[in-house]
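Worksheet for the structure shown next.
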There are 2 protein chains.
Amino acid sequence: MTNPLFLPELREMLAEQDHQQLGEFCTALHPARTAEFMDGLTADETWQVLQATDLATRVRIFGFLDREVQKAIVETSNRVEIGRLVAEMPPDDRVDLLNQTEPDVVAELLPLIPADERRDIQRLGAHPEETAGALMTTEYAKIGERKTVREALTELQRQAEELETIYYLYVVDDQGHLRGVVSARQLVSSLGRPDTAVGTLMESDVVSVRASDDQESVAQQVADYDLLAIPVVDKEHHLLGIITHDDVIDVVREEAAEDAYRLGAIEPLEEEYLQTHWFKLTCNRAPWLIFLMLAALLTAAALEHNTLQMQKITWLVFFIPLVISSGGNAGSQSATLIITALARGNVQLRDWWAVVRREIMMGLSLGVALALISCVATILFPEVDAEAALIVPCTVILVVVFGTLIGSMLPLIFRRLGLDPALMSTPFVAGIADIAGVVIYMRVAQVVLGAGFVSNG
Amino acid sequence: MTNPLFLPELREMLAEQDHQQLGEFCTALHPARTAEFMDGLTADETWQVLQATDLATRVRIFGFLDREVQKAIVETSNRVEIGRLVAEMPPDDRVDLLNQTEPDVVAELLPLIPADERRDIQRLGAHPEETAGALMTTEYAKIGERKTVREALTELQRQAEELETIYYLYVVDDQGHLRGVVSARQLVSSLGRPDTAVGTLMESDVVSVRASDDQESVAQQVADYDLLAIPVVDKEHHLLGIITHDDVIDVVREEAAEDAYRLGAIEPLEEEYLQTHWFKLTCNRAPWLIFLMLAALLTAAALEHNTLQMQKITWLVFFIPLVISSGGNAGSQSATLIITALARGNVQLRDWWAVVRREIMMGLSLGVALALISCVATILFPEVDAEAALIVPCTVILVVVFGTLIGSMLPLIFRRLGLDPALMSTPFVAGIADIAGVVIYMRVAQVVLGAGFVSNG
């Protein structure tokens, strides 16, 4: 999202210390766009620009800066100023930021932040990553169930400036248990009856999540129920905080990327591709590649087992890659279909038999189609005996059916074992299909060519 | 999301025609949960349950039913009743529903819908799929720029019941051009100054999209700017509608699934896996598999070209799958990394040189690591000459570097050509790496083994 158009003007204003123009720049646009226009300035320059505006605007723009720039500003700028900024940031965002900041800087900052906010940071920071607790913010509108519509609106008006969202007003009892929710929309449409108790207006069937819930299930619920925010409660149903729609969109995007990485046999990255050191990426990729190579060594062993056959019929060798890739590709497709369906909740474990039947039908149809093509193709090779050209097509059918079965079943088995189905990456499925492909190929060759061609194993 | 607990009770209430209890069932829970509890009833039974409640609740629950159930209800139930339901549905949802309904049913329904709503359906239905226009709803709060805070709130109060979202109030001039936006939050916090003109409160730098914009870019903007809703305008900046956060989450999930499918060499599905007929899925999968098989035939041709070599050194054959899968797997990883980074906007076309350098470094490191392992492994095979065991490791290094380069560059090239980078599926990258692997392997063997081993080509 770099937009270098404004950079020269901004640098000029900075050189001239033109605080008035810099202040106007900060307020003229949506804060996200302002942040975008500053992309390209150094952390120090960015911080100087932000000094030209009031604290509230500074906090809003700061929230849209790249995480790396945020960290650099926090770590290098005046601690007192940063303390003021952090104290005003949305509670969920500042915890994320401080978690990624050098510990000694955090230790210097914390005493500069008011005690209330400091305790809030420590409380939120205690939740494990990727849980509802780590995503939530403690800034939300809450009200007692006996308050009236008029009191609720007055309360909202007082709180509106500092809250992240006022679109839902959470109703709690005297002990702080979540009892219900009233939307700003219900409140506004009840303005004609200002003395109605909020308790009678509220929706008491509130969809909520536990602080310990996985962020993926939180996102699923917000999406299924079309919510703007979801309340987070503890075991006793005390209201702890809320998770807002913008954080949910981020989670959906993050989880989708995680699944994509796993499908491609990569551990999900913590940072962006270009921000991750190449050696760290290498270490991330190596274990999977080594594991897949060990699988490929089994294929080599299976081939060694059948040396004699291949020495007599050289052309068998030509089609090794074709035979094994047919199974691998069909298996990759099946794995992709099932992993995606599992992630979207469209397939459950109990559907396994329906999946098996469908994949066998597909495997047979695809296998026959590919077998016909390979049959025509083998005849084009001069060394191939027309009679024995039966071997490749028969193998292709068997291997494709095997690939579809293994590709569809392994993700279900992984889910059953409580593991992430996406761990069953497409290269892994292809690796298994490779070994099976070679074994099936040699076995079919033996059967078709008769007793003359026996294994040397 | 099936929950069969309530089904027997619901069927009993239906048998007893217990309208009061059915009515209570419809209003007791969040409409999404009510719909979930009815999952398992036939379309006819579901419609009977919904008859027990008022039209507004019926519309809300209906919106959370599965699309298949919705279609069955619309196509089989009393047309007049369905006309009333459709007239009350959110404009964007009903257009989606009618687009998937039998045309003759739609032709019968349209005359039963009030003229205003009918025109709205036709207008919204005219936008191509996957554009902002097709996602938007025409129900939003708008107000003239000269109105006061008090007038705006009264207006909101009047409109609140029927609008999909009241969290933003869009400010338009007399010609209907979008001029700005006021959030419900700003309005509520300005209640103390009821005579302020909305035009002075409003944010005039509104992030908006064109009706013809792709839904993916809409989702990107909503996510980047943390918006609850985004306005849709035409070329002259007339306000046409808005797209709400819940539809954006759906788009993000849909686009993520599309990318996952493409990465696995499958055309994105229009319906859920289990809802798609197996033969339709087969037709979806076949073109890619056939294409990949043609690529594998090139590998066969490359091997044929080198028959003589392999006849003399049988063990060369054992490692064909290992050599080609090393390249394919490394290439799949690189393709996954780059496609995901492109989809998230973390890598741009202009970063290609940084990508090349990083991938070469990674390819070399990974190649050396894998080469060491394969070197140890080859020695374990009795037939392998210790001297010539150099061939496999050298090939592995070259093939892995080739795989990382092709896997990372092809998605960038596809993006450059204006195609979807995810079309560069991991099986496709693996297919190219297969051919290159065989060619490199044979060439390395020739070089290491000297002039005695010449190709027969």
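Ordered as shown in the structure tokens, chains take letters A, B, and onward, while each chain numbers its residues from 1 and ligands are numbered from 1 in the order shown.
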At a cut-off of 7 Å, can you tabulate as JSON lines every residue of chain B near chain A together with its closest atom pair and the distance in Å to one decimal, using only C-alpha atoms and ordering rows by chain then number?
```
{"residue": "B:Leu29", "atom": "CA", "partner": "A:Asp205", "partner_atom": "CA", "distance": 5.5}
{"residue": "B:His30", "atom": "CA", "partner": "A:Asp205", "partner_atom": "CA", "distance": 6.1}
{"residue": "B:Ala32", "atom": "CA", "partner": "A:Tyr225", "partner_atom": "CA", "distance": 5.7}
{"residue": "B:Gln157", "atom": "CA", "partner": "A:Ser189", "partner_atom": "CA", "distance": 4.7}
{"residue": "B:Ala160", "atom": "CA", "partner": "A:Ser189", "partner_atom": "CA", "distance": 5.8}
{"residue": "B:Glu161", "atom": "CA", "partner": "A:Ser189", "partner_atom": "CA", "distance": 6.8}
{"residue": "B:Ile166", "atom": "CA", "partner": "A:Arg185", "partner_atom": "CA", "distance": 6.6}
{"residue": "B:Tyr167", "atom": "CA", "partner": "A:Tyr167", "partner_atom": "CA", "distance": 7.0}
{"residue": "B:Arg185", "atom": "CA", "partner": "A:Ala160", "partner_atom": "CA", "distance": 6.0}
{"residue": "B:Val188", "atom": "CA", "partner": "A:Gln157", "partner_atom": "CA", "distance": 5.5}
{"residue": "B:Ser189", "atom": "CA", "partner": "A:Gln157", "partner_atom": "CA", "distance": 4.7}
{"residue": "B:Asp205", "atom": "CA", "partner": "A:Leu29", "partner_atom": "CA", "distance": 5.5}
{"residue": "B:Ala223", "atom": "CA", "partner": "A:Ile249", "partner_atom": "CA", "distance": 6.5}
{"residue": "B:Tyr225", "atom": "CA", "partner": "A:Ala32", "partner_atom": "CA", "distance": 5.7}
{"residue": "B:Asp226", "atom": "CA", "partner": "A:Asp246", "partner_atom": "CA", "distance": 5.2}
{"residue": "B:Asp246", "atom": "CA", "partner": "A:Asp226", "partner_atom": "CA", "distance": 5.2}
{"residue": "B:Ile249", "atom": "CA", "partner": "A:Ile249", "partner_atom": "CA", "distance": 6.2}
{"residue": "B:Val252", "atom": "CA", "partner": "A:Arg253", "partner_atom": "CA", "distance": 6.9}
{"residue": "B:Arg253", "atom": "CA", "partner": "A:Val252", "partner_atom": "CA", "distance": 6.9}
{"residue": "B:Ala256", "atom": "CA", "partner": "A:Ala256", "partner_atom": "CA", "distance": 5.8}
{"residue": "B:Ala257", "atom": "CA", "partner": "A:Thr340", "partner_atom": "CA", "distance": 6.5}
{"residue": "B:Ala260", "atom": "CA", "partner": "A:Ala260", "partner_atom": "CA", "distance": 6.2}
{"residue": "B:Tyr261", "atom": "CA", "partner": "A:Thr336", "partner_atom": "CA", "distance": 6.2}
{"residue": "B:Gly264", "atom": "CA", "partner": "A:Gln333", "partner_atom": "CA", "distance": 5.3}
{"residue": "B:Ala265", "atom": "CA", "partner": "A:Gln333", "partner_atom": "CA", "distance": 6.2}
{"residue": "B:Ile266", "atom": "CA", "partner": "A:Gln333", "partner_atom": "CA", "distance": 6.4}
{"residue": "B:Glu272", "atom": "CA", "partner": "A:Asn346", "partner_atom": "CA", "distance": 6.4}
{"residue": "B:Tyr273", "atom": "CA", "partner": "A:Ala341", "partner_atom": "CA", "distance": 6.4}
{"residue": "B:Trp278", "atom": "CA", "partner": "A:Arg358", "partner_atom": "CA", "distance": 5.9}
{"residue": "B:Phe279", "atom": "CA", "partner": "A:Met362", "partner_atom": "CA", "distance": 7.0}
{"residue": "B:Thr282", "atom": "CA", "partner": "A:Met362", "partner_atom": "CA", "distance": 5.5}
{"residue": "B:Ala286", "atom": "CA", "partner": "A:Leu366", "partner_atom": "CA", "distance": 6.3}
{"residue": "B:Leu289", "atom": "CA", "partner": "A:Asn329", "partner_atom": "CA", "distance": 6.8}
{"residue": "B:Ile290", "atom": "CA", "partner": "A:Leu370", "partner_atom": "CA", "distance": 6.5}
{"residue": "B:Met293", "atom": "CA", "partner": "A:Leu322", "partner_atom": "CA", "distance": 6.6}
{"residue": "B:Ala296", "atom": "CA", "partner": "A:Leu322", "partner_atom": "CA", "distance": 4.8}
{"residue": "B:Leu297", "atom": "CA", "partner": "A:Leu322", "partner_atom": "CA", "distance": 6.5}
{"residue": "B:Thr299", "atom": "CA", "partner": "A:Pro321", "partner_atom": "CA", "distance": 6.9}
{"residue": "B:Ala300", "atom": "CA", "partner": "A:Phe318", "partner_atom": "CA", "distance": 4.5}
{"residue": "B:Leu303", "atom": "CA", "partner": "A:Phe318", "partner_atom": "CA", "distance": 5.3}
{"residue": "B:Glu304", "atom": "CA", "partner": "A:Phe318", "partner_atom": "CA", "distance": 5.9}
{"residue": "B:Gln311", "atom": "CA", "partner": "A:Gln311", "partner_atom": "CA", "distance": 6.5}
{"residue": "B:Phe318", "atom": "CA", "partner": "A:Ala300", "partner_atom": "CA", "distance": 4.5}
{"residue": "B:Phe319", "atom": "CA", "partner": "A:Ala300", "partner_atom": "CA", "distance": 5.5}
{"residue": "B:Pro321", "atom": "CA", "partner": "A:Ala296", "partner_atom": "CA", "distance": 6.5}
{"residue": "B:Leu322", "atom": "CA", "partner": "A:Ala296", "partner_atom": "CA", "distance": 4.8}
{"residue": "B:Ser326", "atom": "CA", "partner": "A:Met293", "partner_atom": "CA", "distance": 6.7}
{"residue": "B:Asn329", "atom": "CA", "partner": "A:Pro427", "partner_atom": "CA", "distance": 6.2}
{"residue": "B:Ser332", "atom": "CA", "partner": "A:Gly264", "partner_atom": "CA", "distance": 5.9}
{"residue": "B:Gln333", "atom": "CA", "partner": "A:Gly264", "partner_atom": "CA", "distance": 5.3}
{"residue": "B:Thr336", "atom": "CA", "partner": "A:Gly264", "partner_atom": "CA", "distance": 5.5}
{"residue": "B:Leu337", "atom": "CA", "partner": "A:Tyr261", "partner_atom": "CA", "distance": 7.0}
{"residue": "B:Thr340", "atom": "CA", "partner": "A:Ala257", "partner_atom": "CA", "distance": 6.5}
{"residue": "B:Ala341", "atom": "CA", "partner": "A:Tyr273", "partner_atom": "CA", "distance": 6.4}
{"residue": "B:Asn346", "atom": "CA", "partner": "A:Glu272", "partner_atom": "CA", "distance": 6.4}
{"residue": "B:Arg358", "atom": "CA", "partner": "A:Trp278", "partner_atom": "CA", "distance": 5.9}
{"residue": "B:Met362", "atom": "CA", "partner": "A:Thr282", "partner_atom": "CA", "distance": 5.5}
{"residue": "B:Leu366", "atom": "CA", "partner": "A:Ala286", "partner_atom": "CA", "distance": 6.3}
{"residue": "B:Leu370", "atom": "CA", "partner": "A:Ile290", "partner_atom": "CA", "distance": 6.5}
{"residue": "B:Pro427", "atom": "CA", "partner": "A:Asn329", "partner_atom": "CA", "distance": 6.2}
```
Surrounding residues of Asp116 (chain B) excluding itself and chain neighbours under 4 positions, 10 Å, only C-alpha atoms, as a list in words: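 The neighbour list is Ala87, Asp120 and Ile121 of chain B.
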Alpha helix (DSSP H) per DSSP on the backbone: members of region 30-166 of chain A, as a PyMOL selection string: chain A and resi 31-38+43-51+55-62+67-76+79-88+91-99+103-109+115-125+132-135+149-159
What are the DSSP strand (DSSP E or B) residues of region 226-310 of chain A, as a short mmCIF file (atom, residue, chain, number, x, y, z; two decimals) with N, CA and C atoms, in the first residue's frame?
```cif
data_model
loop_
_atom_site.label_atom_id
_atom_site.label_comp_id
_atom_site.auth_asym_id
_atom_site.auth_seq_id
_atom_site.Cartn_x
_atom_site.Cartn_y
_atom_site.Cartn_z
N ALA A 229 -19.70 -7.82 16.65
CA ALA A 229 -18.77 -8.05 17.74
C ALA A 229 -19.31 -9.24 18.53
N ILE A 230 -18.42 -9.94 19.21
CA ILE A 230 -18.86 -11.10 19.99
C ILE A 230 -18.29 -10.95 21.40
N PRO A 231 -19.11 -11.15 22.45
CA PRO A 231 -18.60 -10.99 23.81
C PRO A 231 -17.78 -12.21 24.25
N VAL A 232 -16.77 -11.95 25.08
CA VAL A 232 -15.91 -13.01 25.61
C VAL A 232 -16.20 -13.14 27.10
N VAL A 233 -16.44 -14.37 27.55
CA VAL A 233 -16.77 -14.59 28.96
C VAL A 233 -15.82 -15.61 29.58
N HIS A 238 -18.85 -14.46 33.42
CA HIS A 238 -18.57 -13.04 33.62
C HIS A 238 -18.10 -12.46 32.29
N LEU A 239 -18.58 -11.24 31.97
CA LEU A 239 -18.16 -10.58 30.74
C LEU A 239 -16.73 -10.06 30.91
N LEU A 240 -15.81 -10.49 30.02
CA LEU A 240 -14.41 -10.08 30.12
C LEU A 240 -14.03 -9.04 29.08
N GLY A 241 -14.66 -9.11 27.90
CA GLY A 241 -14.29 -8.20 26.82
C GLY A 241 -15.08 -8.55 25.58
N ILE A 242 -14.75 -7.88 24.47
CA ILE A 242 -15.42 -8.22 23.20
C ILE A 242 -14.37 -8.34 22.10
N ILE A 243 -14.74 -9.05 21.05
CA ILE A 243 -13.90 -9.13 19.86
C ILE A 243 -14.67 -8.45 18.74
N THR A 244 -14.02 -7.50 18.06
CA THR A 244 -14.74 -6.72 17.06
C THR A 244 -14.52 -7.26 15.65
#
```
Closest of A:Leu423, A:Glu75, A:Arg123, A:Thr131 to Val105 (chain A) - atom-to-atom distances counting only C-alpha atoms: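 Among the listed residues, A:Glu75 lies closest to Val105 (chain A).
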Shell of 9 Å around Lys147 (chain B), only C-alpha atoms, local chain residues under 4 positions omitted, as an MDAnalysis selection string: chainID B and resid 143 151:152 195:199
Atom pair CA of Gly437 (chain A) / CA of Ile391 (chain A): separation (Å):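 Going from CA of Gly437 (chain A) over to CA of Ile391 (chain A), I get 12.6 Å.
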Between CA of Asp92 (chain A) and CA of Gly133 (chain A), distance in Å (one decimal): 9.4 Å
